[in-house]
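**Student:** Structure in structure tokens, see below.
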Number of protein chains: 2
Amino acid sequence: MFESAEVGNEIDKATYKKEEPKLRQALLSAQYEALKAAKFPIIIVVGGIDGAGKSETVNLLNEWMDPRHIHAHAFGDPSDEERERPPMWRYWRALPPKGKIGIFFHSWYSRPILDRVHGEINEDEFDRRLEEIVSFEKMLTDEGALILKFWFHLSKKTQRNRLRELESNKKTAWRVTALDWKNFKIYDRFKKITERALRGTSRNQAAWAVIEGTDPNYRSLMAGQALLDAIQARLAQIKTPPKLGKKSQPKSEKTNSHNPHEGRVRVVNTIDFSQKIDKGEYEKELEKYQRKLNLLLRDKKFQEHAVVAVFEGLDAAGKGGAIRRITGALDARQYTIVPIAAPTEEERAQPYLWRFWRHLPRQGRLTIFDRSWYGRVLVERVEGFCSPADWLRAFSEINDFEEQMVRHGILVVKFWLQISKAEQLRRFKERERIGFKKFKITDEDWRNRKKWDSYEDAMCDMVDRTSTEIAPWNLVSAEDKRLARIEVLRALCKKLEKLLK
Amino acid sequence: MFESAEVGNEIDKATYKKEEPKLRQALLSAQYEALKAAKFPIIIVVGGIDGAGKSETVNLLNEWMDPRHIHAHAFGDPSDEERERPPMWRYWRALPPKGKIGIFFHSWYSRPILDRVHGEINEDEFDRRLEEIVSFEKMLTDEGALILKFWFHLSKKTQRNRLRELESNKKTAWRVTALDWKNFKIYDRFKKITERALRGTSRNQAAWAVIEGTDPNYRSLMAGQALLDAIQARLAQIKTPPKLGKKSQPKSEKTNSHNPHEGRVRVVNTIDFSQKIDKGEYEKELEKYQRKLNLLLRDKKFQEHAVVAVFEGLDAAGKGGAIRRITGALDARQYTIVPIAAPTEEERAQPYLWRFWRHLPRQGRLTIFDRSWYGRVLVERVEGFCSPADWLRAFSEINDFEEQMVRHGILVVKFWLQISKAEQLRRFKERERIGFKKFKITDEDWRNRKKWDSYEDAMCDMVDRTSTEIAPWNLVSAEDKRLARIEVLRALCKKLEKLLK
């Protein structure tokens, strides 16, 4: 992979002087066009050997283009806020919005490569982490991101000469640190492992470009030209979208016939609406589980974990009431409720899952999502707010997301609150009757109700595809509100007890 | 201050049952109207004695109104990301956007009060912190925020009885912790100190409402009604703005005649444009100061500090070039460049300084603002983008902001790059001539140039009002680009050396 980057590629000064002004003008022009379109973010991953020109190239890109729309991120040791979330959190929070350019030094590749170089993980774990990266980048490109990955390379000999030269000059000796020589000693191992990383993560739209870093003229023009070509190609694509593909797919959910449930017992039908609980029993149980939950979250062991509780369900199923019975047991410092409404401008300019990532809890905390990332496979699917391709890929993206949480010690508890069609009607009518409840019922609720079957289909698919061993769905009969609340508390306590045992 | 909250205020069940539905309907309606207007954020500060109904009231507000537009924040121990920034940073990042409601438990009042209760700060320091809060809340209300501050109170006797009762019941004993009794022991001291805090911070539009917390009916209706009245009053004000006041003030800077510089030597005229540096000397000095800067930022002592470098100056004064000479000396992990362009939607929904607070560096880092919070007293003033009242109050807001940084160990270095009118013309023309520089010159630049004198007036005022001992302006002659770059590096190194000595 590195052979062609050790041959001594050079570009002479005259050529550079001729090409550079043309390239920078074209780059700036392309940058402004992309900014104006604001259709896709541009993500540039920069890696490579020390001294091969990573910083210099980034400085140059900043000089060539308008630096106000380029943000370079370099990641050192994570902060505790970062350590307390899954490893990818810090990269999610740094993603550029559509139209802008984000440059990532010491990106999501650093940790896996360094951990492997220093023997802290074995090959299997290394491969697993690379797979995680592949999924992440696939999600980004599926969301429309333009990803460029530059690896700047120096041959071992060039690196040795470079360090010696810098050191021998009094003026430049400060540029060489002890770490540089330490890194040089493991050059071969580093090269072998990065080669594996580069090969394992060069996929479709996110392939690595290895650039020889010895000659500044060469590496600058190469990187600049690759960036220019990629932006121009994407801009052209936007102007004349391919005839086939997404566009030809049905927009609405109704016409898709892949539903695997046809003829099978649907999970939604397994929910028993006949159970009830009387008021006395309810109050006893409520006190019991609120007490239990309170003590569990005060447990010292919980300080190394966190809970993400997801509430989904049909309109008027009683999500809010169930949530209040959880928070009623807790100190306000322990939890946050994240209600999912329409995304903000900043959120719309990011990949779908971005707005959920930004709300992940720190350790020792509970975050309750009142509606969640499942919106994509429920309302967005049924209402045709996104293409089938988008919600179909969402299943695996969601599973990835939840796996990252669980792997990090976060308990993911998902509740689906189900009521019968008749009970929903009763509650809607009650809401219309009672003054302060009127605001809780809108035309949209009535419209959604008409699509009851489509929502049930979507819900069944969702449970089938995302009820995993690590994050199963809890299907709760909410026909009796009180019973539902106890069920939710009980299930939450049970999972917490198991986690902290 | 607490007398009227110890008299045993109660509201009987029948009255509550009659009033509650009306109140909640009106609240919900007011909430939606405020949300739709999206003209002001609603900030509710909740404090008080444990068990006086803080959490319960907040839960109730969530139940009465639409919880999707209410965000409750409870602050426990700060994270390291928070500890590494000035104390108010964590509150800034939690401010609600216009139209929404933010509830703050354990707010900016907690730390000062607890520190004083535990004797960790003396009265003077306590008063200083209260003053800081007054400034903060004044800034918020000046920015249009509606602030409500509720203090829930219990008499000593009521508190004792309450704890005993809870403990004596097996079902509720878990609600009483050792901390509750510990707090009870210092009831008198706590009361005395909070009284001082409440008195000292009850100003104009951000006054405290002390509510007796013994009877849930009473405290709920009181808090709900106070909130309703405040929102309705503000909504009415928006519909029929006062005839006098802001509106009658001149919109443009030109007509304001308060300029204190008339007839005095203007700072801008003290800048010497005659100095120059030749290329050989420049390269020697550049290497020298880049080396010095690199070593200073690697200094262990710097890990307890941070640098905020601000660059302002006329168009084409060479800010970008000077910034690149700083970053050229550094590892990409050490610095971030924050270019200030038009605010995003999220930023526009927040107080002016919010978008700068969000970018403050962690410890051991350097953040460079390419244009900054001074935009308000420069371009916004000259172009009439904000009212004179807004930019006039900005001077003290900015000084407060910088004082908070400096007090926290952040080095604030501000550079004004000045060129002559003739030199600007030369550079503009050069930009128009050279292909890749064309993008750097726009009609706006030419328009700004026509207002040269207004910008100079604004700059002189700015330096006069914000060049403080703790964060003085560095006026740099940028007529010779090379000299300016060296000057900037030299000044930065000098301040850093002094800081780390």
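To be explicit about the labels: the chains of the structure tokens are called A, B, and onward in the order shown, and within each one the residues are counted from 1, while ligands get numbers from 1 in the order they are shown.
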Find the residues of chain B in contact range of chain A, meaning any atom within 6 Å when counting only C-alpha atoms, and list them as a PyMOL selection string.

**Tutor:** chain B and resi 25+68+74-75+332-333+339+436

**Student:** Write the residues you've just listed into a file as a compact mmCIF listing (two decimals), in the first residue's frame, and include N, CA and C atoms for each of them.

**Tutor:**
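Result file is part-v8.txt:
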```
# COMPACT_ATOMS: atom_id res chain seq x y z
N GLN B 25 -54.52 25.47 32.19
CA GLN B 25 -54.91 25.78 30.81
C GLN B 25 -54.30 27.11 30.36
N ARG B 68 -42.08 19.13 26.41
CA ARG B 68 -41.09 19.05 25.32
C ARG B 68 -40.36 20.38 25.12
N ALA B 74 -30.09 20.30 36.55
CA ALA B 74 -29.69 20.25 37.94
C ALA B 74 -28.19 20.02 37.94
N PHE B 75 -27.49 20.85 38.64
CA PHE B 75 -26.04 20.82 38.56
C PHE B 75 -25.42 20.19 39.80
N ALA B 332 -1.23 20.59 16.19
CA ALA B 332 -2.65 20.86 15.93
C ALA B 332 -3.53 20.56 17.14
N ARG B 333 -3.05 19.71 18.07
CA ARG B 333 -3.87 19.38 19.24
C ARG B 333 -3.91 20.52 20.26
N PRO B 339 -13.31 31.13 13.75
CA PRO B 339 -13.59 32.28 12.90
C PRO B 339 -15.01 32.75 13.18
N PHE B 436 -6.63 33.99 -7.25
CA PHE B 436 -7.09 33.30 -6.04
C PHE B 436 -7.35 34.27 -4.88
```

**Student:** Which value, in Å to one decimal, gives the distance between CA of Ser372 in chain B and CA of Glu432 in chain B?

**Tutor:** 26.5 Å

**Student:** Residues within 8 Å of range 400-404 of chain A, please, as a PyMOL selection string. Count only C-alpha atoms; anything in the same chain fewer than 6 positions from it doesn't count.

**Tutor:** chain A and resi 86+135+412+470-471

**Student:** For the selection just defined, write its residues with C-alpha atoms to a file, as an mmCIF file, in the first residue's frame.

**Tutor:**
```cif
data_model
loop_
_atom_site.group_PDB
_atom_site.id
_atom_site.type_symbol
_atom_site.label_atom_id
_atom_site.label_comp_id
_atom_site.auth_asym_id
_atom_site.auth_seq_id
_atom_site.Cartn_x
_atom_site.Cartn_y
_atom_site.Cartn_z
ATOM 1 C CA PRO A 86 -18.762 5.739 24.177
ATOM 2 C CA SER A 135 -19.813 1.223 9.949
ATOM 3 C CA VAL A 412 -30.263 0.746 27.349
ATOM 4 C CA ILE A 470 -28.178 -6.436 24.600
ATOM 5 C CA ALA A 471 -31.067 -3.995 24.212
#
```

**Student:** What's the separation between CA of Lys156 in chain B and CA of Val117 in chain B, in Å to one decimal place?

**Tutor:**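 Rounded to one decimal, the two atoms are 16.8 Å apart.
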
**Student:** Where in range 390-488 of chain A does DSSP assign alpha helix (DSSP H), given as a VMD selection string?

**Tutor:** chain A and resid 390 to 407 421 to 433 443 to 450 452 to 466 481 to 488

**Student:** DSSP says strand (DSSP E or B) for which residues of range 109-346 of chain B? Put them as a list in words?

**Tutor:**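 Residues meeting the strand (DSSP E or B) criterion: Leu146, Ile147, Leu148, Lys149, Phe150, Trp151, Phe152, His153, Arg203, Ala206, Trp208, Ala209, Val210, Ile211, Glu212, Ala306, Val307, Val308, Ala309, Val310, Phe311, Glu312, Gly313, Tyr335, Thr336, Ile337, Val338 and Pro339 of chain B.
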
**Student:** Report, in Å to a single decimal, how far apart CA of Cys493 in chain A and CA of Val176 in chain B are.

**Tutor:**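 That distance, rounded to one decimal, is 20.3 Å.
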